[in-house]
$ cat query.cif   # mmCIF, C-alpha atoms
data_protein
loop_
_atom_site.label_atom_id
_atom_site.label_comp_id
_atom_site.auth_asym_id
_atom_site.auth_seq_id
_atom_site.Cartn_x
_atom_site.Cartn_y
_atom_site.Cartn_z
CA MET A 16 -11.74 -23.19 -17.86
CA ASN A 17 -11.05 -23.79 -21.56
CA PHE A 18 -12.71 -20.47 -22.34
CA LEU A 19 -10.51 -18.65 -19.82
CA ARG A 20 -7.42 -20.33 -21.21
CA ALA A 21 -8.45 -19.31 -24.74
CA ALA A 22 -9.01 -15.71 -23.54
CA VAL A 23 -5.57 -15.57 -21.90
CA ARG A 24 -3.97 -17.08 -25.03
CA GLU A 25 -5.79 -14.49 -27.14
CA VAL A 26 -4.59 -11.58 -24.97
CA VAL A 27 -0.95 -12.78 -24.94
CA GLY A 28 -1.21 -13.54 -28.66
CA LEU A 29 -2.15 -9.91 -29.31
CA PHE A 30 1.39 -8.86 -28.48
CA VAL A 31 3.55 -11.92 -28.86
CA GLY A 32 3.84 -14.01 -32.00
CA ASP A 33 7.51 -14.85 -31.82
CA TRP A 34 8.90 -14.56 -28.28
CA LEU A 35 12.41 -13.79 -29.53
CA GLN A 36 11.14 -10.92 -31.70
CA SER A 37 9.11 -9.52 -28.79
CA VAL A 38 12.17 -9.64 -26.53
CA VAL A 39 14.26 -7.89 -29.21
CA ILE A 40 11.63 -5.11 -29.52
CA VAL A 41 11.53 -4.61 -25.74
CA VAL A 42 15.36 -4.54 -25.57
CA ILE A 43 15.47 -1.94 -28.38
CA LEU A 44 12.92 0.19 -26.48
CA ALA A 45 14.83 -0.18 -23.20
CA ALA A 46 18.07 0.84 -24.92
CA GLY A 47 16.19 3.72 -26.56
CA TRP A 48 14.91 4.86 -23.18
CA LEU A 49 18.46 5.09 -21.85
CA ALA A 50 19.84 6.66 -25.04
CA VAL A 51 17.13 9.33 -25.49
CA ALA A 52 18.02 10.94 -22.15
CA ARG A 53 21.70 11.20 -23.15
CA LEU A 54 21.67 11.71 -26.92
CA GLY A 55 18.27 13.27 -27.65
CA ALA A 56 17.03 13.33 -31.26
CA PRO A 57 19.75 11.08 -32.80
CA ALA A 58 18.68 8.32 -30.37
CA VAL A 59 15.09 8.57 -31.62
CA VAL A 60 16.25 8.23 -35.23
CA LEU A 61 18.32 5.19 -34.26
CA LEU A 62 15.36 3.74 -32.36
CA VAL A 63 13.07 3.99 -35.42
CA LEU A 64 15.73 2.49 -37.72
CA LEU A 65 16.34 -0.42 -35.34
CA LEU A 66 12.60 -1.12 -35.04
CA ALA A 67 12.18 -1.06 -38.83
CA GLY A 68 15.33 -3.18 -39.25
CA GLN A 69 14.21 -5.90 -36.84
CA MET A 70 10.90 -6.11 -38.69
CA ILE A 71 12.71 -6.83 -41.97
CA TRP A 72 15.09 -9.28 -40.27
CA PHE A 73 12.38 -11.35 -38.55
CA ALA A 74 10.11 -11.38 -41.62
CA ARG A 75 12.99 -12.74 -43.74
CA ALA A 76 13.90 -15.28 -41.06
CA GLU A 77 10.33 -16.60 -40.88
CA ALA A 78 10.10 -16.74 -44.69
CA ARG A 79 13.33 -18.78 -44.80
CA ARG A 80 12.00 -21.16 -42.13
CA ALA A 81 8.69 -21.55 -43.98
CA ARG A 82 10.43 -22.37 -47.27
CA LYS A 83 12.86 -24.87 -45.79
CA PRO A 84 11.78 -28.40 -46.80
CA ALA A 85 10.65 -30.47 -43.78
CA MET B 19 -7.43 17.44 -34.00
CA GLY B 20 -4.94 15.60 -36.24
CA GLN B 21 -4.08 13.17 -33.47
CA GLN B 22 -7.79 12.49 -32.91
CA PHE B 23 -8.17 11.82 -36.62
CA PHE B 24 -5.39 9.19 -36.38
CA SER B 25 -7.04 7.68 -33.28
CA PHE B 26 -10.43 7.49 -34.96
CA GLY B 27 -8.98 5.99 -38.16
CA ALA B 28 -6.85 3.39 -36.37
CA ALA B 29 -9.74 2.36 -34.08
CA PHE B 30 -12.17 2.20 -37.01
CA LEU B 31 -9.95 0.13 -39.34
CA GLY B 32 -8.69 -2.23 -36.62
CA SER B 33 -12.17 -2.80 -35.28
CA ALA B 34 -13.55 -3.39 -38.78
CA VAL B 35 -11.12 -6.27 -39.35
CA GLU B 36 -11.92 -7.97 -36.04
CA SER B 37 -15.67 -7.34 -36.38
CA THR B 38 -15.60 -9.06 -39.78
CA GLU B 39 -14.10 -12.18 -38.18
CA ALA B 40 -16.67 -12.14 -35.36
CA LEU B 41 -19.50 -11.62 -37.87
CA THR B 42 -18.35 -14.69 -39.84
CA ILE B 43 -18.84 -16.86 -36.74
CA VAL B 44 -22.22 -15.34 -35.80
CA LEU B 45 -23.51 -15.71 -39.38
CA ALA B 46 -22.36 -19.33 -39.57
CA VAL B 47 -24.19 -20.16 -36.31
CA GLY B 48 -27.29 -18.10 -37.11
CA LEU B 49 -27.82 -19.37 -40.65
CA THR B 50 -27.21 -22.99 -39.60
CA ARG B 51 -29.09 -23.28 -36.29
CA GLY B 52 -31.36 -20.24 -35.97
CA TRP B 53 -30.72 -16.75 -34.64
CA ARG B 54 -31.85 -16.78 -30.98
CA ALA B 55 -28.83 -18.47 -29.38
CA PRO B 56 -26.10 -16.68 -31.40
CA LEU B 57 -27.75 -13.28 -30.89
CA LEU B 58 -27.94 -13.88 -27.13
CA GLY B 59 -24.28 -14.97 -27.17
CA THR B 60 -23.34 -11.85 -29.13
CA VAL B 61 -25.19 -9.53 -26.72
CA ALA B 62 -23.58 -11.24 -23.69
CA ALA B 63 -20.12 -10.85 -25.25
CA LEU B 64 -20.73 -7.18 -26.17
CA VAL B 65 -21.86 -6.39 -22.60
CA ALA B 66 -18.71 -8.07 -21.19
CA LEU B 67 -16.54 -6.12 -23.64
CA ALA B 68 -18.26 -2.80 -22.82
CA VAL B 69 -17.57 -3.42 -19.10
CA LEU B 70 -13.89 -4.04 -19.94
CA VAL B 71 -13.64 -0.79 -21.94
CA ILE B 72 -15.28 1.27 -19.17
CA LEU B 73 -13.25 -0.33 -16.34
CA PHE B 74 -9.83 -0.37 -17.97
CA GLY B 75 -10.37 2.81 -20.00
CA GLN B 76 -11.17 4.85 -16.87
CA LEU B 77 -8.46 3.13 -14.81
CA ILE B 78 -5.80 3.82 -17.44
CA VAL B 79 -6.81 7.40 -18.18
CA THR B 80 -7.24 8.52 -14.55
CA ARG B 81 -4.65 6.54 -12.56
CA ILE B 82 -1.45 6.28 -14.58
CA PRO B 83 0.91 9.30 -15.01
CA ASP B 84 1.06 10.64 -18.55
CA SER B 85 4.67 9.74 -19.43
CA ALA B 86 4.43 6.22 -17.96
CA LEU B 87 1.14 5.70 -19.79
CA LYS B 88 2.68 6.81 -23.09
CA LEU B 89 5.65 4.49 -22.66
CA LEU B 90 3.52 1.52 -21.59
CA VAL B 91 0.81 1.91 -24.23
CA GLY B 92 3.40 2.84 -26.87
CA THR B 93 5.29 -0.38 -26.14
CA LEU B 94 2.11 -2.48 -26.28
CA LEU B 95 0.96 -0.76 -29.47
CA LEU B 96 4.36 -1.38 -31.04
CA LEU B 97 4.27 -5.07 -30.14
CA PHE B 98 0.70 -5.34 -31.44
CA GLY B 99 1.24 -3.26 -34.58
CA LEU B 100 4.51 -4.94 -35.53
CA ARG B 101 2.82 -8.35 -35.13
CA TRP B 102 0.09 -7.38 -37.61
CA LEU B 103 2.64 -5.81 -39.93
CA HIS B 104 4.86 -8.91 -39.74
CA LYS B 105 1.93 -11.13 -40.76
CA ALA B 106 0.83 -8.71 -43.49
CA VAL B 107 4.35 -8.67 -44.95
CA LEU B 108 4.47 -12.49 -45.02
CA ARG B 109 1.01 -12.64 -46.63
CA SER B 110 1.95 -9.99 -49.21
CA ALA B 111 5.09 -11.96 -50.06
CA GLY B 112 3.04 -15.15 -50.48
CA VAL B 113 4.72 -16.99 -47.58
CA VAL B 114 1.49 -17.26 -45.54
CA ALA B 115 -1.95 -17.88 -47.09
CA LEU B 116 -4.44 -15.00 -47.07
CA HIS B 117 -7.17 -15.32 -44.42
CA ASP B 118 -10.21 -16.85 -46.08
CA GLU B 119 -13.52 -15.81 -44.46
CA GLN B 120 -15.40 -18.27 -46.69
CA ARG B 121 -13.32 -21.16 -45.34
CA ALA B 122 -13.58 -19.92 -41.73
CA TYR B 123 -17.37 -19.78 -42.24
CA GLN B 124 -17.46 -23.34 -43.61
CA ASN B 125 -15.32 -24.65 -40.73
CA THR B 126 -17.77 -23.17 -38.20
CA VAL B 127 -20.74 -24.65 -40.08
CA ASN B 128 -19.05 -28.10 -40.02
CA GLN B 129 -18.50 -27.75 -36.26
CA LEU B 130 -22.23 -27.16 -35.83
CA GLN B 131 -23.47 -30.22 -37.74
CA ARG B 132 -23.87 -32.38 -34.64
CA ALA B 133 -24.03 -29.66 -32.04
CA THR B 134 -26.71 -29.26 -29.36
CA ASP B 135 -28.66 -26.00 -28.94
CA TRP B 136 -26.46 -24.27 -26.35
CA VAL B 137 -23.41 -24.70 -28.59
CA GLY B 138 -24.70 -21.89 -30.83
CA PHE B 139 -24.78 -19.54 -27.83
CA ILE B 140 -21.30 -20.56 -26.65
CA LEU B 141 -19.76 -20.35 -30.15
CA ALA B 142 -21.13 -16.86 -30.75
CA LEU B 143 -20.17 -15.69 -27.23
CA LYS B 144 -16.65 -17.07 -27.57
CA GLY B 145 -16.15 -15.77 -31.12
CA VAL B 146 -17.44 -12.25 -30.44
CA PHE B 147 -15.68 -12.00 -27.05
CA LEU B 148 -12.27 -13.19 -28.26
CA GLU B 149 -12.30 -11.12 -31.47
CA GLY B 150 -13.74 -8.24 -29.45
CA LEU B 151 -10.79 -8.34 -27.04
CA GLU B 152 -8.62 -7.08 -29.88
CA VAL B 153 -11.11 -4.30 -30.58
CA VAL B 154 -11.06 -3.37 -26.87
CA PHE B 155 -7.27 -3.24 -26.82
CA ILE B 156 -7.07 -1.14 -29.98
CA VAL B 157 -9.72 1.30 -28.70
CA ILE B 158 -8.21 1.67 -25.21
CA ALA B 159 -4.60 1.89 -26.41
CA VAL B 160 -5.30 4.26 -29.29
CA GLY B 161 -7.72 6.45 -27.32
CA GLY B 162 -6.27 6.35 -23.82
CA THR B 163 -2.89 7.88 -24.54
CA GLY B 164 -3.93 10.79 -26.68
CA ARG B 165 -6.77 11.65 -24.28
CA GLY B 166 -9.06 10.78 -27.14
CA LEU B 167 -10.89 7.77 -25.72
CA PRO B 168 -14.35 9.00 -26.82
CA VAL B 169 -13.08 9.43 -30.41
CA ALA B 170 -11.50 5.95 -30.42
CA VAL B 171 -14.64 4.39 -28.89
CA ALA B 172 -16.69 6.13 -31.61
CA GLY B 173 -14.37 4.72 -34.30
CA GLY B 174 -14.60 1.19 -32.85
CA LEU B 175 -18.39 1.34 -32.45
CA LEU B 176 -18.93 2.78 -35.92
CA ALA B 177 -16.84 -0.04 -37.44
CA MET B 178 -18.86 -2.67 -35.56
CA VAL B 179 -22.15 -1.10 -36.67
CA VAL B 180 -21.03 -0.82 -40.33
CA VAL B 181 -19.84 -4.44 -40.40
CA ALA B 182 -22.99 -5.69 -38.62
CA ILE B 183 -25.32 -3.81 -41.03
CA THR B 184 -23.36 -5.10 -44.03
CA GLY B 185 -23.59 -8.63 -42.62
CA VAL B 186 -27.37 -8.35 -42.12
CA VAL B 187 -27.81 -7.00 -45.66
CA VAL B 188 -25.67 -9.54 -47.52
CA ARG B 189 -26.38 -12.46 -45.11
CA ARG B 190 -23.10 -14.14 -45.97
CA PRO B 191 -19.49 -13.87 -44.82
CA LEU B 192 -17.75 -10.70 -45.91
CA ALA B 193 -15.20 -12.54 -48.05
CA ARG B 194 -14.51 -9.48 -50.18
CA VAL B 195 -13.24 -7.34 -47.35
CA PRO B 196 -9.56 -6.87 -48.24
CA GLU B 197 -8.49 -8.10 -44.81
CA ASN B 198 -4.76 -8.23 -45.49
CA THR B 199 -4.72 -4.70 -46.92
CA LEU B 200 -6.63 -3.43 -43.89
CA LYS B 201 -4.33 -5.28 -41.47
CA TYR B 202 -1.32 -3.93 -43.38
CA ALA B 203 -2.60 -0.36 -43.05
CA VAL B 204 -3.62 -0.76 -39.40
CA GLY B 205 -0.27 -2.44 -38.62
CA ILE B 206 1.56 0.58 -40.03
CA ILE B 207 -0.67 3.09 -38.21
CA LEU B 208 -0.43 1.27 -34.85
CA THR B 209 3.34 0.79 -35.18
CA SER B 210 3.74 4.50 -35.97
CA LEU B 211 1.48 5.58 -33.10
CA GLY B 212 3.31 3.15 -30.79
CA THR B 213 6.73 4.54 -31.76
CA PHE B 214 5.46 8.12 -31.38
CA TRP B 215 4.05 7.55 -27.88
CA ALA B 216 6.85 5.29 -26.64
CA ALA B 217 9.45 7.94 -27.61
CA GLU B 218 7.36 10.70 -25.98
CA GLY B 219 7.15 8.54 -22.86
CA MET B 220 10.95 8.31 -22.92
CA GLY B 221 11.11 12.11 -22.84
CA ALA B 222 11.77 12.76 -26.53
CA SER B 223 9.91 15.50 -28.39
CA TRP B 224 8.97 15.15 -32.05
CA PRO B 225 9.45 17.86 -34.66
CA LEU B 226 6.00 19.09 -35.86
CA ASP B 227 4.38 17.05 -33.04
CA PHE B 228 1.73 14.58 -34.30
CA VAL B 229 2.61 15.25 -37.97
CA SER B 230 5.67 13.07 -37.29
CA ILE B 231 3.30 10.08 -37.11
CA GLY B 232 2.87 10.49 -40.89
CA GLY B 233 6.65 10.42 -41.35
CA LEU B 234 6.93 7.31 -39.20
CA ALA B 235 4.18 5.67 -41.26
CA VAL B 236 6.18 6.37 -44.43
CA ILE B 237 9.35 4.85 -42.89
CA TYR B 238 7.53 1.69 -41.75
CA PHE B 239 5.73 1.38 -45.09
CA VAL B 240 9.02 1.62 -47.01
CA ALA B 241 10.67 -0.89 -44.64
CA SER B 242 7.78 -3.34 -44.99
CA ARG B 243 7.82 -3.10 -48.82
CA LEU B 244 11.56 -3.67 -48.69
CA ALA B 245 10.93 -6.79 -46.58
CA VAL B 246 8.32 -8.05 -49.09
CA GLN B 247 10.75 -7.52 -51.99
CA MET B 248 13.62 -9.25 -50.17
CA ILE B 249 11.40 -12.23 -49.31
CA ARG B 250 9.98 -12.55 -52.83
CA ARG B 251 13.34 -12.37 -54.61
CA PRO B 252 14.63 -15.91 -53.82
CA ALA B 253 11.37 -17.38 -55.13
CA LEU B 254 11.85 -15.68 -58.49
CA ALA B 255 15.45 -16.87 -58.89
#
$ encode --input "query.cif" --output "structure tokens"
Amino acid sequence: MNFLRAAVREVVGLFVGDWLQSVVIVVILAAGWLAVARLGAPAVVLLVLLLAGQMIWFARAEARRARKPA
Amino acid sequence: MGQQFFSFGAAFLGSAVESTEALTIVLAVGLTRGWRAPLLGTVAALVALAVLVILFGQLIVTRIPDSALKLLVGTLLLLFGLRWLHKAVLRSAGVVALHDEQRAYQNTVNQLQRATDWVGFILALKGVFLEGLEVVFIVIAVGGTGRGLPVAVAGGLLAMVVVAITGVVVRRPLARVPENTLKYAVGIILTSLGTFWAAEGMGASWPLDFVSIGGLAVIYFVASRLAVQMIRRPALA
């Protein structure tokens, strides 16, 4: 049972480190899906910029949390 | 051809990182308590993983429509790649400690001090299976979408063989493998492939087709270096 739990944790952990960040990525993709059909190429550019931007944002946020004295 | 090259490279590098972690566990068990139990555990785990690749690989490639598959796998690859990239950025900026194979090896050896015989089998099985799950995901995701599963499987297998042979030759944990650099590179490749496929699944078409993956890699690399610089700056002040 412990082994199964560890396997499930491992599989979920492959994709989700920070639940909020994962939700933000999925929301960006969902918005991109809607936008690509209407706007075409500009929506793809925006999609890539938003994905890169959230990466910077969440990395900075985690660094700030890690440096905050307990 | 170019897309298959990306698939092979991503599967090879990603699998090499995970195989190194699995090898550390098997070496710790084997050198501490003998080789029979950990080798049996390793074989059992590899068989289970091969079954997973065959089952899910075939299921994914034959049953799911192309655009849905690209969107689904692209999303999963993005989540996976961005997670590795996120960690690599934090390690590069000195926020998180680098993974230390020597310490991981020592921890496993300490666990084995008072262990009974079957523990060696279970530890090796668990270590190889859990680390191998990541290899399986990388191989299926990278190979399934581009119709290049055989190429991705070859990349994953070659990485496992190279790491295993190196482990047998040096008989100690591969502490010198630049794990963070590899994870950084694989994170960028997987994130780029994920973006490429997710957008194709949404109905977008890329200029120059797969060559755009290179452009995406440059964008994510620049963004990640920017993140490292922004994180480091307060520490220097």
$ interface_residues --input "query.cif" --of "chain B" --to "chain A" --cutoff "8 Å" --atoms "only C-alpha atoms" --output "PyMOL selection string"
chain B and resi 93-94+97-98+100-101+104+107-108+113+144+148+151-152+213+216-217+220-223+234+237-238+241-242+244-245+248-249
$ atom_distance --input "query.cif" --atom1 "atom CA of Gly52 of chain B" --atom2 "atom CA of Ser37 of chain B"
20.3 Å
$ atom_distance --input "query.cif" --atom1 "atom CA of Thr38 of chain B" --atom2 "atom CA of Leu77 of chain B"
28.7 Å
$ atom_distance --input "query.cif" --atom1 "atom CA of Phe214 of chain B" --atom2 "atom CA of Arg81 of chain B"
21.4 Å
$ axis_aligned_box --input "query.cif" --around "segment 61-73 of chain A" --padding-each-side "3 Å" --output "lines of an AutoDock Vina configuration file"
center_x = 14.6
center_y = -3.1
center_z = -37.2
size_x = 13.4
size_y = 22.5
size_z = 15.6
